[in-house]
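Undergrad: One structure follows; several queries about it will come next.
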Amino acid sequence: MKIVLVGAGSIQFGYGTLGDIFNSTQLRGCEITLLDINAKALEVVLKTSKEFLQKHKLNYTVNATTDRRAAFQGADFIISSIEIGNRFQLWDEDWKIPMQYGVHQVYGENGGPGGVFHSLRIGKVVLEIVKDAMEICPNAWIFNYSNPMTAICTTVKRAYPEAKFVGMCHEIGWLGRWLPRMLNRKHEDLHYRAAGLNHFSCMISLTDRKSGMDLYPEVLQKAGAFFEREPGYSDLFDEYRRTGTLSAAEKFDKGETNLKSAYEWTDRRLVQFMLKNYHLLPITTDSHFGEYLGWAWDVVDHRGILDFYDVYKIMLSQEVPHEIRLETSERVIPIIDGIISDANFEEAAVNVQNLGLIEDLPSWLVVEVPAMINKNGVNGIKMPDLPKGYLGLLRGYTSVYDLTAEAIIHEKREYAIQALLANPVVHQASHLEAMVDRVISKQEKWLGYLK
C-alpha cells in the first residue's frame with residue numbers, strides 16, 4: 001500500500017497527516033511518499049518522520065521527493081493540500097482589489113470575486129497534479145484539502161470524470177462542538193446530516209440515534225440563547241492580543257468550551273438570519289457562508305470576519321513544534337481505513353460529483369453531502385427534498401462554478417469575466433473588466449494563462 005502526501009513540506013499538513021497515518025491499524029507497513037516543491041521543508045519533515053518511526057518502533061517506510069511523476073508511481077492513495085505563492089499576499093489581493101472596485105464581498109477566499117481568482121489560480125495547478133495521476137496511477141483515490149473546494153473539485157471532475165477525486169473539509173466539525181452542549185446530549189447519540197456546497201451548507205436533519213426522535217425543533221428553540229454568547233474568533237483574537245499565544249488550530253474536532261463571548265452572535269449573524277428566515281442551521285460561520293450571498297454584507301458580523309482573518313493568519317504562520325502526534329486530527333485516514341476494511345460507515349461530509357444526490361442541482365456540480373465508506377469507495381448519500389428557499393440560494397451560485405471551470409480548462413479570460421458577472425456578490429459591471437485585468441497583472445505568474 002502506498003500513500004502520497006502532496007504538499008507535505010507544510011508542517012501543519014505533513015506532521016498532522018503523518019500522525020493520522022501512524023495512528024491507523026489498517027495502514028501499518030505501508031509506504032509513504034512525501035512530495036513538495038520545497039526541498040528544504042521536505043527534508044525537515046522527512047527527518048522528523050524517520051526519527052519518530054525509530055523512536056516508536058513503527059513499521060512504515062517513508063521517503064521524499066520533489067518529482068511528482070516519480071512520487072505517483074504505484075500510488076494507491078494521494079492526499080493533497082497545497083497553496084501556491086505567498087498565500088496571504090495573494091489572499092489580501094483577492095479580497096481588497098474587488099472591494100476597491102466597488103464589490104462588497106465579506107471575505108475573499110472561496111466565494112465572490114476573491115474566490116473566483118483563488119480558484120483560477122490554484123485550480124490550474126491541481127489540474128496538473130490530477131493529469132499526472134491519471135497517467136501514472138489512474139486507479140488511485142485522490143483526496144483534496146485545498147480551497148476553493150467546490151470550484152477545484154467541479155473543475156477536476158469536468159476535465160477528468162473518471163478520477164476518483166474527493167474533496168475533504170472540516171467545517172462540519174462545528175456541529176460536533178455546538179449540538180451536544182446546545183441540547184445537553186452526548187455527541188455519539190446524535191445523527192445529523194448536512195447538504196449543500198462546500199462552506200455553503202446547512203444541517204438538513206437531526207435525530208436521536210436511539211429513539212429516532214426528530215431533534216431539529218429543539219435546535220430551533222434553543223439556538224438563539226446558545227449562540228448569543230457562544231465564543232468566536234473575536235474572543236480568540238482578544239486572547240492572543242492579551243497573552244501573545246493562540247490555542248486554536250485547524251482541525252476537524254473543534255474542541256469544547258464553557259466560556260461566554262464578550263460579543264453577541266460573534267461570527268454568527270448569518271446563522272441567526274438563516275435560523276429565523278429559513279429555519280436551517282448553517283454548519284459554518286459568517287466568513288465562509290457569507291461569501292456566496294449578495295445580501296450578506298448587510299447581515300454579517302464584520303468585526304468577527306476581520307478578527308477571523310487575523311486569527312487564521314496567526315494560526316497558519318506561527319511556529320509549530322517539530323513533532324508528530326499519534327492521534328487522528330482529520331477524517332481522510334479513517335476514510336482510507338474504511339475503504340480498505342470495507343467498514344461501511346457513514347461519513348458526515350464529503351465533496352463529490354452530484355449525479356442526482358441533490359436532485360434540484362446540476363449533475364456536473366460537486367456537492368457536499370454525507371457518504372457511505374466501504375470497499376466501493378466514497379459513496380455519496382442522496383439528500384432529497386431540500387427546502388425550496390435554501391435550494392434557491394444554492395442554485396444562485398452554480399453558474400459561477402460552471403464558468404470558473406470553463407475558464408481554467410480552456411484558459412479563457414472571457415469566461416473568468418462571465419463567472420464574475422454571474423456571481424451573486426457582484427452588483428456592478430462597468431469596472432469589472434478593469435478589475436480582472438488588475439488582478440491578472442498583479443498575479444501574472446499564476447493567472448497569466450488566461451488569454
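Each chain in the C-alpha cells gets a letter, A, B, ..., in the order shown, and its residues are numbered from 1; ligands are numbered from 1 in order too.
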Near Phe273 in chain A, within 12 Å and counting only C-alpha atoms, which residues show up once chain neighbours fewer than 3 positions away are dropped, as an MDAnalysis selection string?

TA: chainID A and resid 223:224 265 268:270 276:282 285:286 289:290 295:296 298:301

Undergrad: Could you give me the residues within range 310-365 of chain A that DSSP places in strand (DSSP E), as a ChimeraX atom specification?

TA: /A:345-353

Undergrad: Show me, as a list in words, the residues that have an atom within 9 Å of range 41-52 of chain A when counting only C-alpha atoms, minus same-chain residues fewer than 5 positions from it.

TA: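 Skipping anything fewer than 5 positions along the chain leaves Gly7, Ala8, Gly9, Ser10, Ile11, Gly14, Tyr15, Leu18, Leu34, Leu35, Asp36, Lys57, Leu58, Thr61, Val62, Asn63, Ala64, Thr65, Thr66, His322, Glu323 and Ile324 of chain A.
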
Undergrad: Next, write the just-selected residues to a file, as a PDB file, in the first residue's frame, keeping N, CA, C and O atoms as the atom set.

TA:
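File written: again_2.pdb
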ATOM      1  N   GLY A   7       2.230  18.303  -0.915  1.00  0.00           N
ATOM      2  CA  GLY A   7       2.289  19.484  -0.058  1.00  0.00           C
ATOM      3  C   GLY A   7       2.807  19.148   1.321  1.00  0.00           C
ATOM      4  O   GLY A   7       2.577  19.878   2.286  1.00  0.00           O
ATOM      5  N   ALA A   8       3.550  18.038   1.422  1.00  0.00           N
ATOM      6  CA  ALA A   8       3.982  17.525   2.729  1.00  0.00           C
ATOM      7  C   ALA A   8       5.019  18.402   3.403  1.00  0.00           C
ATOM      8  O   ALA A   8       5.321  18.208   4.587  1.00  0.00           O
ATOM      9  N   GLY A   9       5.588  19.378   2.684  1.00  0.00           N
ATOM     10  CA  GLY A   9       6.534  20.281   3.309  1.00  0.00           C
ATOM     11  C   GLY A   9       5.886  21.228   4.301  1.00  0.00           C
ATOM     12  O   GLY A   9       6.572  21.830   5.133  1.00  0.00           O
ATOM     13  N   SER A  10       4.565  21.354   4.233  1.00  0.00           N
ATOM     14  CA  SER A  10       3.836  22.139   5.231  1.00  0.00           C
ATOM     15  C   SER A  10       3.854  21.400   6.558  1.00  0.00           C
ATOM     16  O   SER A  10       3.438  20.239   6.633  1.00  0.00           O
ATOM     17  N   ILE A  11       4.355  22.057   7.601  1.00  0.00           N
ATOM     18  CA  ILE A  11       4.457  21.414   8.918  1.00  0.00           C
ATOM     19  C   ILE A  11       3.085  20.968   9.397  1.00  0.00           C
ATOM     20  O   ILE A  11       2.904  19.835   9.859  1.00  0.00           O
ATOM     21  N   GLY A  14       1.822  18.153   6.872  1.00  0.00           N
ATOM     22  CA  GLY A  14       2.715  16.999   6.870  1.00  0.00           C
ATOM     23  C   GLY A  14       2.712  16.245   8.182  1.00  0.00           C
ATOM     24  O   GLY A  14       2.459  15.030   8.221  1.00  0.00           O
ATOM     25  N   TYR A  15       2.963  16.943   9.279  1.00  0.00           N
ATOM     26  CA  TYR A  15       3.013  16.273  10.576  1.00  0.00           C
ATOM     27  C   TYR A  15       1.650  15.760  11.005  1.00  0.00           C
ATOM     28  O   TYR A  15       1.510  14.678  11.567  1.00  0.00           O
ATOM     29  N   LEU A  18       0.800  12.625   8.883  1.00  0.00           N
ATOM     30  CA  LEU A  18       1.659  11.511   9.291  1.00  0.00           C
ATOM     31  C   LEU A  18       1.199  10.935  10.625  1.00  0.00           C
ATOM     32  O   LEU A  18       1.159   9.709  10.805  1.00  0.00           O
ATOM     33  N   LEU A  34       6.505  11.538   0.622  1.00  0.00           N
ATOM     34  CA  LEU A  34       6.291  12.956   0.878  1.00  0.00           C
ATOM     35  C   LEU A  34       6.685  13.738  -0.366  1.00  0.00           C
ATOM     36  O   LEU A  34       7.795  13.573  -0.890  1.00  0.00           O
ATOM     37  N   LEU A  35       5.779  14.585  -0.858  1.00  0.00           N
ATOM     38  CA  LEU A  35       6.018  15.339  -2.095  1.00  0.00           C
ATOM     39  C   LEU A  35       5.808  16.820  -1.840  1.00  0.00           C
ATOM     40  O   LEU A  35       4.798  17.221  -1.252  1.00  0.00           O
ATOM     41  N   ASP A  36       6.754  17.633  -2.289  1.00  0.00           N
ATOM     42  CA  ASP A  36       6.630  19.078  -2.173  1.00  0.00           C
ATOM     43  C   ASP A  36       7.610  19.722  -3.145  1.00  0.00           C
ATOM     44  O   ASP A  36       8.608  19.094  -3.534  1.00  0.00           O
ATOM     45  N   LYS A  57       9.223   2.613  17.179  1.00  0.00           N
ATOM     46  CA  LYS A  57       9.332   1.269  16.602  1.00  0.00           C
ATOM     47  C   LYS A  57       8.108   0.922  15.739  1.00  0.00           C
ATOM     48  O   LYS A  57       7.475  -0.124  15.910  1.00  0.00           O
ATOM     49  N   LEU A  58       7.789   1.814  14.816  1.00  0.00           N
ATOM     50  CA  LEU A  58       6.644   1.632  13.931  1.00  0.00           C
ATOM     51  C   LEU A  58       7.113   1.160  12.557  1.00  0.00           C
ATOM     52  O   LEU A  58       8.142   1.611  12.044  1.00  0.00           O
ATOM     53  N   THR A  61       7.457   2.741   5.854  1.00  0.00           N
ATOM     54  CA  THR A  61       8.545   3.233   5.016  1.00  0.00           C
ATOM     55  C   THR A  61       8.207   4.642   4.563  1.00  0.00           C
ATOM     56  O   THR A  61       7.134   4.877   3.996  1.00  0.00           O
ATOM     57  N   VAL A  62       9.096   5.597   4.842  1.00  0.00           N
ATOM     58  CA  VAL A  62       8.861   6.988   4.463  1.00  0.00           C
ATOM     59  C   VAL A  62       9.999   7.471   3.586  1.00  0.00           C
ATOM     60  O   VAL A  62      11.176   7.277   3.918  1.00  0.00           O
ATOM     61  N   ASN A  63       9.646   8.069   2.463  1.00  0.00           N
ATOM     62  CA  ASN A  63      10.641   8.678   1.592  1.00  0.00           C
ATOM     63  C   ASN A  63      10.110  10.009   1.099  1.00  0.00           C
ATOM     64  O   ASN A  63       8.941  10.348   1.323  1.00  0.00           O
ATOM     65  N   ALA A  64      10.942  10.775   0.425  1.00  0.00           N
ATOM     66  CA  ALA A  64      10.540  12.111  -0.018  1.00  0.00           C
ATOM     67  C   ALA A  64      11.132  12.411  -1.383  1.00  0.00           C
ATOM     68  O   ALA A  64      12.219  11.933  -1.740  1.00  0.00           O
ATOM     69  N   THR A  65      10.414  13.234  -2.154  1.00  0.00           N
ATOM     70  CA  THR A  65      10.870  13.635  -3.475  1.00  0.00           C
ATOM     71  C   THR A  65      10.192  14.935  -3.886  1.00  0.00           C
ATOM     72  O   THR A  65       9.112  15.260  -3.392  1.00  0.00           O
ATOM     73  N   THR A  66      10.850  15.662  -4.782  1.00  0.00           N
ATOM     74  CA  THR A  66      10.242  16.834  -5.401  1.00  0.00           C
ATOM     75  C   THR A  66       9.738  16.499  -6.807  1.00  0.00           C
ATOM     76  O   THR A  66       9.219  17.382  -7.500  1.00  0.00           O
ATOM     77  N   HIS A 322       8.194  20.882  16.090  1.00  0.00           N
ATOM     78  CA  HIS A 322       8.561  19.824  15.152  1.00  0.00           C
ATOM     79  C   HIS A 322       8.276  18.475  15.797  1.00  0.00           C
ATOM     80  O   HIS A 322       9.181  17.752  16.238  1.00  0.00           O
ATOM     81  N   GLU A 323       6.995  18.134  15.839  1.00  0.00           N
ATOM     82  CA  GLU A 323       6.619  16.872  16.453  1.00  0.00           C
ATOM     83  C   GLU A 323       5.420  16.267  15.745  1.00  0.00           C
ATOM     84  O   GLU A 323       4.598  16.966  15.160  1.00  0.00           O
ATOM     85  N   ILE A 324       5.365  14.946  15.783  1.00  0.00           N
ATOM     86  CA  ILE A 324       4.252  14.184  15.231  1.00  0.00           C
ATOM     87  C   ILE A 324       3.520  13.544  16.397  1.00  0.00           C
ATOM     88  O   ILE A 324       4.158  13.024  17.325  1.00  0.00           O
TER      89      ILE A 324
END

Undergrad: Name the closest residue to His104 in chain A among the candidates A:Ser341, A:Asn423, A:Ser430, A:Ser399; distances are taken between atoms, counting only C-alpha atoms.

TA: A:Asn423

Undergrad: Just want the 12 Å neighbourhood of range 305-319 of chain A, counted on only C-alpha atoms, with same-chain residues fewer than 2 positions away dropped. Output as a PyMOL selection string.

TA: chain A and resi 10-13+83+86-89+91-92+95+105-109+232-241+244-251+266-270+285-291+296-297+299-303+321-323

Undergrad: Could you pull the residues within 9 Å of Arg325 in chain A, counting only C-alpha atoms, minus those fewer than 6 positions along the same chain, as a VMD selection string?

TA: chain A and resid 15 to 16 18 to 20 22 to 23

Undergrad: Between A:Leu355, A:Thr404, A:Ile336, A:Lys55, which one has atoms that come closest to Ile3 in chain A, using only C-alpha atoms?

TA: A:Ile336
